[in-house]
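Novice: After the structure tokens below, expect a handful of questions from me.
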Amino acid sequence: MTVKEIAELAGVSIGTVDRVLYQRGRVSATTQARVQEIIERYQFTPNPIARRLKRNRAYRFCALIPRRDQDSGYWEQALEGLKAGNDEVSPLGVETEILEYDRYTMQEVFDKMEAALAKEADGMILAPNIRVNRLIPKIREKQIPYIFFDSDYPELTPLCTISQDPIRGGYLAGRLMSLFARSADAAGSAEQLKKTVAVLDAHCEDYHIIRRRDGFLQYAREHNMSAIVKEYSEEGELTEKEIMSILEQHPNVTGFFVTNSLAHRVAQTVKNAGLSGKCIIIGFDLTANNRQLLKEGFIDAIISQRPEEQGRQAVINLYRHIVLEQKVAAKIEMPLDIYIKDNIMESH
């Protein structure tokens with residue numbers, strides 16, 4: 001289907017079809033409805049390169065994410081996904097600029113938010129948290145389509161959210177904890193199941209982290225698993241001192257569930273203290289440190305949320321909506337990938 005064929009079917013000029021497609025100039029309501037009906041019936045999509053030429057500039061997207069080295073390198077993986085998505089659409093006239101901010105420095109967060117707005121982007125990609133969400137009213141005011149990735153946030157209505165279901169993720173972590181406890185030798189299994197599990201809760205301002213914790217605690221309640229919740233330092237830097245303090249105060253702790261990417265800190269502390277084999281450690285995100293300690297057997301399981309694919313999908317779906325004018329799903333749910341020592345590979 002071409003613009004010329006649409007014009008012939010609608011009995012109008014090519015110029016009229018062009019005005020309907022790109023909302024340039026006045027067209028009677030009757031004519032617009034007739035042309036639009038044909039466009040939808042034949043699922044016509046304008047050539048994105050032709051559209052860019054008509055605009056006399058590229059489409060501009062702006063992604064705003066935490067600094068790549070924060071959260072044990074998790075955001076480096078997300079960044080690679082954003083770049084991969086941009087590589088796919090850049091030949092079609094899309095430029096994606098990525099702005100990184102220190103998530104623990106309030107002023108820098110605000111400065112980068114203002115910088116992002118100043119880009120006058122056609123679309124934005126955000127990893128939502130309580131600070132970045134202050135940007136949303138300004139984005140709405142400018143009528144900029146935006147996509148969330150990495151997590152959802154209540155009462156906000158992005159074009160699309162790309163993330164795992166955090167309740168399901170936390171619940172799965174609880175199930176894994178129980179399975180590893182039961183896999184102990186026959187004499188020790190019953191004792192393991194009676195002991196306490198520590199939930200190490202990070203970034204309590206982040207909605208998806210809170211919901212992961214809630215999912216784990218739901219499993220614990222349903223299966224009579226004793227669990228304590230320990231929040232750790234604001235800066236997200238879970239320290240050896242904090243971990244050892246928990247072990248000293250709760251000598252019956254049999255396992256740790258770490259709600260974000262810092263399971264390796266617990267594993268390293270347990271390893272240094274000569275306690276390996278006595279504590280089950282479950283965490284999230286297949287970062288370099290987590291991968292290494294998983295391979296060594298000091299972490300029992302890691303749940304991965306495919307940050308590279310999330311970043312890529314964010315760019316691609318923004319492209320589909322803005323450039324191709326296609327409808328995109330309001331929610332794209334990432335699978336709950338489980339990694340243990342036996343299925344970890346050298347590269348992922």
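Numbering starts fresh at 1 for the residues of each chain in the structure tokens, the chains themselves are lettered A, B, ... in the order given, and ligands are numbered from 1 as they appear.
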Can you list, as number ranges by chain, all residues belonging to range 23-170 of chain A that DSSP tags as alpha helix (DSSP H)?
Specialist: A: 29-41, 48-55, 74-89, 106-118, 136-141, 166-170
Novice: Going by DSSP on the backbone, which residues of range 24-262 of chain A come out as strand (DSSP E)? List them as a PyMOL selection string.
Specialist: chain A and resi 59-66+94-101+123-126+146-149+160-163+196-201+226-231+253-258
Novice: Which residues of range 40-133 of chain A have any atom within 7 Å of an atom in range 273-294 of chain A when counting only C-alpha atoms, and what is the closest pair of atoms for each, with the distance in Å to one decimal? Order the rows by chain and rising number and write it as CSV.
Specialist:
residue,atom,partner,partner_atom,distance
A:Ser72,CA,A:Thr287,CA,6.7
A:Gly73,CA,A:Thr287,CA,6.3
A:Tyr74,CA,A:Thr287,CA,6.0
Novice: How would the residues just picked look written out with C-alpha atoms as a CSV table (one decimal), in the first residue's frame?
Specialist:
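Listing of again-v2.csv after writing:
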chain,number,residue,atom,x,y,z
A,72,SER,CA,27.6,-2.9,41.2
A,73,GLY,CA,27.6,-2.1,37.5
A,74,TYR,CA,23.9,-3.0,36.8
Novice: Taking only C-alpha atoms into account, which of A:His264, A:Arg175, A:Arg134, A:His208 comes nearest His223 in chain A?
Specialist: A:Arg175
Novice: Which is closest to Asn129 in chain A among A:Glu114, A:Asp87, A:Asp206, A:Asp342, if we use only C-alpha atoms?
Specialist: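 Of the candidates, the smallest distance to Asn129 in chain A is held by A:Asp206.
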Novice: Write out as a ChimeraX atom specification the residues lying within 8 Å of Gly85 in chain A, counting only C-alpha atoms and excluding same-chain residues fewer than 2 positions away.
Specialist: /A:81-83,87-89,311-316
Novice: Using Å and a single decimal, report how far CA of Pro145 in chain A sits from CA of Ile332 in chain A.
Specialist: 16.4 Å
Novice: Skipping near chain neighbours, those fewer than 5 positions away, what residues fall within 9 Å of Gln218 in chain A using only C-alpha atoms, listed as JSON, numbers by chain?
Specialist: {"A": [167, 170, 171, 174, 213, 223]}
Novice: Those same residues, written as a PDB file, in the first residue's frame with N, CA and C atoms?
Specialist:
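Printed below is result.pdb as written:
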ATOM      1  N   ILE A 167       6.691  -8.445  42.557  1.00  0.00           N
ATOM      2  CA  ILE A 167       6.077  -9.345  43.536  1.00  0.00           C
ATOM      3  C   ILE A 167       6.415 -10.795  43.179  1.00  0.00           C
ATOM      4  N   GLY A 170      10.124 -11.503  43.968  1.00  0.00           N
ATOM      5  CA  GLY A 170      10.382 -11.745  45.386  1.00  0.00           C
ATOM      6  C   GLY A 170       9.826 -13.079  45.846  1.00  0.00           C
ATOM      7  N   TYR A 171       8.643 -13.420  45.340  1.00  0.00           N
ATOM      8  CA  TYR A 171       8.019 -14.702  45.711  1.00  0.00           C
ATOM      9  C   TYR A 171       8.886 -15.862  45.223  1.00  0.00           C
ATOM     10  N   GLY A 174      11.770 -16.421  47.477  1.00  0.00           N
ATOM     11  CA  GLY A 174      11.361 -17.178  48.659  1.00  0.00           C
ATOM     12  C   GLY A 174      11.295 -18.665  48.383  1.00  0.00           C
ATOM     13  N   ARG A 213      10.640  -7.239  48.117  1.00  0.00           N
ATOM     14  CA  ARG A 213      10.631  -7.605  49.534  1.00  0.00           C
ATOM     15  C   ARG A 213       9.265  -8.145  49.930  1.00  0.00           C
ATOM     16  N   HIS A 223       4.409 -20.087  53.956  1.00  0.00           N
ATOM     17  CA  HIS A 223       5.129 -21.345  54.164  1.00  0.00           C
ATOM     18  C   HIS A 223       5.841 -21.405  55.514  1.00  0.00           C
TER      19      HIS A 223
END
Novice: Near range 24-38 of chain A, within 12 Å and counting only C-alpha atoms, which residues show up once chain neighbours fewer than 6 positions away are dropped, as a VMD selection string?
Specialist: chain A and resid 1 to 18 44 to 45 54 to 55
Novice: For the selection you just gave me, I'd like the residues written to a file as an mmCIF file, in the first residue's frame, keeping N, CA and C atoms.
Specialist:
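Written output follows (selection-v4.cif):
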data_model
loop_
_atom_site.group_PDB
_atom_site.id
_atom_site.type_symbol
_atom_site.label_atom_id
_atom_site.label_comp_id
_atom_site.auth_asym_id
_atom_site.auth_seq_id
_atom_site.Cartn_x
_atom_site.Cartn_y
_atom_site.Cartn_z
ATOM 1 N N MET A 1 0.842 -1.191 0.000
ATOM 2 C CA MET A 1 0.000 0.000 0.000
ATOM 3 C C MET A 1 0.878 1.244 0.000
ATOM 4 N N THR A 2 0.593 2.163 -0.951
ATOM 5 C CA THR A 2 1.349 3.407 -1.053
ATOM 6 C C THR A 2 0.420 4.591 -0.805
ATOM 7 N N VAL A 3 1.017 5.781 -0.658
ATOM 8 C CA VAL A 3 0.229 7.003 -0.491
ATOM 9 C C VAL A 3 -0.644 7.232 -1.720
ATOM 10 N N LYS A 4 -0.090 6.953 -2.905
ATOM 11 C CA LYS A 4 -0.855 7.123 -4.147
ATOM 12 C C LYS A 4 -2.085 6.214 -4.166
ATOM 13 N N GLU A 5 -1.913 4.958 -3.733
ATOM 14 C CA GLU A 5 -3.040 4.013 -3.715
ATOM 15 C C GLU A 5 -4.093 4.430 -2.708
ATOM 16 N N ILE A 6 -3.669 4.959 -1.552
ATOM 17 C CA ILE A 6 -4.632 5.459 -0.568
ATOM 18 C C ILE A 6 -5.437 6.607 -1.169
ATOM 19 N N ALA A 7 -4.743 7.506 -1.868
ATOM 20 C CA ALA A 7 -5.415 8.654 -2.482
ATOM 21 C C ALA A 7 -6.452 8.196 -3.503
ATOM 22 N N GLU A 8 -6.107 7.182 -4.302
ATOM 23 C CA GLU A 8 -7.039 6.684 -5.307
ATOM 24 C C GLU A 8 -8.263 6.054 -4.656
ATOM 25 N N LEU A 9 -8.040 5.248 -3.598
ATOM 26 C CA LEU A 9 -9.171 4.608 -2.915
ATOM 27 C C LEU A 9 -10.081 5.627 -2.245
ATOM 28 N N ALA A 10 -9.488 6.695 -1.717
ATOM 29 C CA ALA A 10 -10.285 7.704 -1.007
ATOM 30 C C ALA A 10 -10.860 8.755 -1.946
ATOM 31 N N GLY A 11 -10.370 8.766 -3.201
ATOM 32 C CA GLY A 11 -10.857 9.750 -4.161
ATOM 33 C C GLY A 11 -10.375 11.153 -3.846
ATOM 34 N N VAL A 12 -9.145 11.262 -3.348
ATOM 35 C CA VAL A 12 -8.573 12.572 -3.016
ATOM 36 C C VAL A 12 -7.180 12.662 -3.624
ATOM 37 N N SER A 13 -6.561 13.813 -3.457
ATOM 38 C CA SER A 13 -5.206 13.996 -3.982
ATOM 39 C C SER A 13 -4.169 13.412 -3.026
ATOM 40 N N ILE A 14 -2.959 13.192 -3.570
ATOM 41 C CA ILE A 14 -1.855 12.718 -2.731
ATOM 42 C C ILE A 14 -1.558 13.751 -1.648
ATOM 43 N N GLY A 15 -1.671 15.029 -1.995
ATOM 44 C CA GLY A 15 -1.434 16.089 -1.018
ATOM 45 C C GLY A 15 -2.385 16.024 0.162
ATOM 46 N N THR A 16 -3.634 15.650 -0.089
ATOM 47 C CA THR A 16 -4.613 15.533 1.001
ATOM 48 C C THR A 16 -4.238 14.382 1.933
ATOM 49 N N VAL A 17 -3.822 13.250 1.344
ATOM 50 C CA VAL A 17 -3.387 12.114 2.171
ATOM 51 C C VAL A 17 -2.188 12.531 3.012
ATOM 52 N N ASP A 18 -1.262 13.260 2.407
ATOM 53 C CA ASP A 18 -0.081 13.732 3.129
ATOM 54 C C ASP A 18 -0.482 14.611 4.309
ATOM 55 N N PHE A 44 -1.439 0.839 6.980
ATOM 56 C CA PHE A 44 -0.376 1.592 6.298
ATOM 57 C C PHE A 44 0.543 2.259 7.310
ATOM 58 N N THR A 45 1.853 2.124 7.085
ATOM 59 C CA THR A 45 2.856 2.780 7.927
ATOM 60 C C THR A 45 3.716 3.677 7.052
ATOM 61 N N LYS A 54 10.785 15.020 5.695
ATOM 62 C CA LYS A 54 9.751 16.042 5.733
ATOM 63 C C LYS A 54 9.917 16.952 6.949
ATOM 64 N N ARG A 55 10.443 16.390 8.055
ATOM 65 C CA ARG A 55 10.623 17.184 9.272
ATOM 66 C C ARG A 55 11.909 18.023 9.215
#
Novice: Quick one: contact table of range 53-157 of chain A to range 320-328 of chain A, 9 Å max, nearest atom pair and distance in Å to one decimal per residue, counting only C-alpha atoms, chain and number order, as a Markdown table?
Specialist:
| residue | atom | partner | partner_atom | distance |
| --- | --- | --- | --- | --- |
| A:Tyr59 | CA | A:Val323 | CA | 7.8 |
| A:Val94 | CA | A:Val323 | CA | 8.7 |
| A:Asp122 | CA | A:Ile322 | CA | 7.6 |
| A:Gly123 | CA | A:Ile322 | CA | 7.5 |
| A:Pro145 | CA | A:Ile322 | CA | 8.1 |
Novice: Which residue out of A:Phe61, A:Tyr219, A:Tyr232, A:Phe180 has the minimum interatomic distance to Glu95 in chain A when only C-alpha atoms are used?
Specialist: A:Phe61
Novice: Work out how far apart CA of Ile209 in chain A and CA of Met334 in chain A are and give it in Å to one decimal.
Specialist: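 Pair CA of Ile209 in chain A / CA of Met334 in chain A returns 15.6 Å.
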Novice: Do a neighbour search on Gln310 in chain A at 12 Å with only C-alpha atoms, toss out local chain neighbours closer than 3 positions, and write the hits as a PyMOL selection string.
Specialist: chain A and resi 75+77-85+125-127+147-151+160-164+304-307+313-317+331-335
Novice: Selected residues, C-alpha atoms, written as a PDB file, in the first residue's frame, please.
Specialist:
ATOM      1  CA  TRP A  75      23.403   0.226  34.884  1.00  0.00           C
ATOM      2  CA  GLN A  77      24.220  -3.465  31.293  1.00  0.00           C
ATOM      3  CA  ALA A  78      21.163  -1.251  30.871  1.00  0.00           C
ATOM      4  CA  LEU A  79      23.306   1.306  29.043  1.00  0.00           C
ATOM      5  CA  GLU A  80      24.520  -1.341  26.593  1.00  0.00           C
ATOM      6  CA  GLY A  81      20.898  -2.228  25.858  1.00  0.00           C
ATOM      7  CA  LEU A  82      19.995   1.397  25.161  1.00  0.00           C
ATOM      8  CA  LYS A  83      22.966   1.660  22.813  1.00  0.00           C
ATOM      9  CA  ALA A  84      21.955  -1.549  21.026  1.00  0.00           C
ATOM     10  CA  GLY A  85      18.434  -0.202  20.504  1.00  0.00           C
ATOM     11  CA  ILE A 125      13.155   6.843  28.504  1.00  0.00           C
ATOM     12  CA  LEU A 126      13.344   6.781  32.304  1.00  0.00           C
ATOM     13  CA  ALA A 127      14.320   4.343  35.038  1.00  0.00           C
ATOM     14  CA  ILE A 147       8.670   4.935  28.641  1.00  0.00           C
ATOM     15  CA  PHE A 148       9.686   3.358  31.949  1.00  0.00           C
ATOM     16  CA  PHE A 149      12.173   0.521  32.081  1.00  0.00           C
ATOM     17  CA  ASP A 150      13.709  -1.451  34.973  1.00  0.00           C
ATOM     18  CA  SER A 151      10.608  -0.840  37.111  1.00  0.00           C
ATOM     19  CA  CYS A 160       4.895   1.598  28.165  1.00  0.00           C
ATOM     20  CA  THR A 161       6.581  -0.061  31.148  1.00  0.00           C
ATOM     21  CA  ILE A 162       9.283  -2.677  30.562  1.00  0.00           C
ATOM     22  CA  SER A 163      10.190  -4.608  33.708  1.00  0.00           C
ATOM     23  CA  GLN A 164       9.770  -7.758  35.728  1.00  0.00           C
ATOM     24  CA  SER A 304      18.221 -11.904  36.276  1.00  0.00           C
ATOM     25  CA  GLN A 305      15.927  -9.310  34.726  1.00  0.00           C
ATOM     26  CA  ARG A 306      17.692  -8.882  31.349  1.00  0.00           C
ATOM     27  CA  PRO A 307      18.653  -5.188  31.659  1.00  0.00           C
ATOM     28  CA  GLN A 313      13.089  -2.656  24.021  1.00  0.00           C
ATOM     29  CA  ALA A 314      12.632   0.844  25.470  1.00  0.00           C
ATOM     30  CA  VAL A 315      14.255   2.465  22.424  1.00  0.00           C
ATOM     31  CA  ILE A 316      12.524   0.190  19.921  1.00  0.00           C
ATOM     32  CA  ASN A 317       9.056   0.744  21.387  1.00  0.00           C
ATOM     33  CA  LYS A 331       3.297  -3.486  29.753  1.00  0.00           C
ATOM     34  CA  ILE A 332       6.181  -5.663  28.564  1.00  0.00           C
ATOM     35  CA  GLU A 333       7.065  -8.154  31.293  1.00  0.00           C
ATOM     36  CA  MET A 334      10.559  -9.564  31.484  1.00  0.00           C
ATOM     37  CA  PRO A 335      10.952 -13.251  32.401  1.00  0.00           C
TER      38      PRO A 335
END
Novice: Can you work out the spacing between CA of Gln268 in chain A and CA of Arg212 in chain A in Å, to one decimal?
Specialist: 22.8 Å
Novice: Using only C-alpha atoms, which protein or nucleic acid residues come within 7 Å of range 96-112 of chain A? Drop anything in the same chain fewer than 6 positions from it, and give the result as number ranges by chain.
Specialist: A: 60-67, 86, 235
Novice: Could those residues be written to a file, using N, CA and C atoms, as a PDB file, in the first residue's frame?
Specialist:
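Now in selection.pdb:
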ATOM      1  N   ARG A  60      14.611  12.815  18.011  1.00  0.00           N
ATOM      2  CA  ARG A  60      15.526  12.833  19.150  1.00  0.00           C
ATOM      3  C   ARG A  60      14.881  12.176  20.356  1.00  0.00           C
ATOM      4  N   PHE A  61      15.544  11.153  20.876  1.00  0.00           N
ATOM      5  CA  PHE A  61      15.131  10.515  22.123  1.00  0.00           C
ATOM      6  C   PHE A  61      16.161  10.852  23.193  1.00  0.00           C
ATOM      7  N   CYS A  62      15.704  10.891  24.430  1.00  0.00           N
ATOM      8  CA  CYS A  62      16.613  11.139  25.552  1.00  0.00           C
ATOM      9  C   CYS A  62      16.343  10.099  26.642  1.00  0.00           C
ATOM     10  N   ALA A  63      17.391   9.394  27.064  1.00  0.00           N
ATOM     11  CA  ALA A  63      17.287   8.408  28.148  1.00  0.00           C
ATOM     12  C   ALA A  63      18.003   8.957  29.378  1.00  0.00           C
ATOM     13  N   LEU A  64      17.359   8.839  30.527  1.00  0.00           N
ATOM     14  CA  LEU A  64      17.905   9.351  31.784  1.00  0.00           C
ATOM     15  C   LEU A  64      18.039   8.185  32.750  1.00  0.00           C
ATOM     16  N   ILE A  65      19.292   7.813  33.096  1.00  0.00           N
ATOM     17  CA  ILE A  65      19.528   6.631  33.929  1.00  0.00           C
ATOM     18  C   ILE A  65      20.599   6.920  34.983  1.00  0.00           C
ATOM     19  N   PRO A  66      20.642   6.114  36.061  1.00  0.00           N
ATOM     20  CA  PRO A  66      21.743   6.239  37.031  1.00  0.00           C
ATOM     21  C   PRO A  66      23.093   5.960  36.373  1.00  0.00           C
ATOM     22  N   ARG A  67      24.132   6.435  37.013  1.00  0.00           N
ATOM     23  CA  ARG A  67      25.486   6.298  36.495  1.00  0.00           C
ATOM     24  C   ARG A  67      25.836   4.827  36.288  1.00  0.00           C
ATOM     25  N   ASN A  86      19.528   1.892  20.017  1.00  0.00           N
ATOM     26  CA  ASN A  86      19.826   3.054  19.179  1.00  0.00           C
ATOM     27  C   ASN A  86      20.511   2.640  17.882  1.00  0.00           C
ATOM     28  N   GLU A 235      23.131   4.976  50.924  1.00  0.00           N
ATOM     29  CA  GLU A 235      23.908   5.063  49.702  1.00  0.00           C
ATOM     30  C   GLU A 235      23.959   3.753  48.927  1.00  0.00           C
TER      31      GLU A 235
END
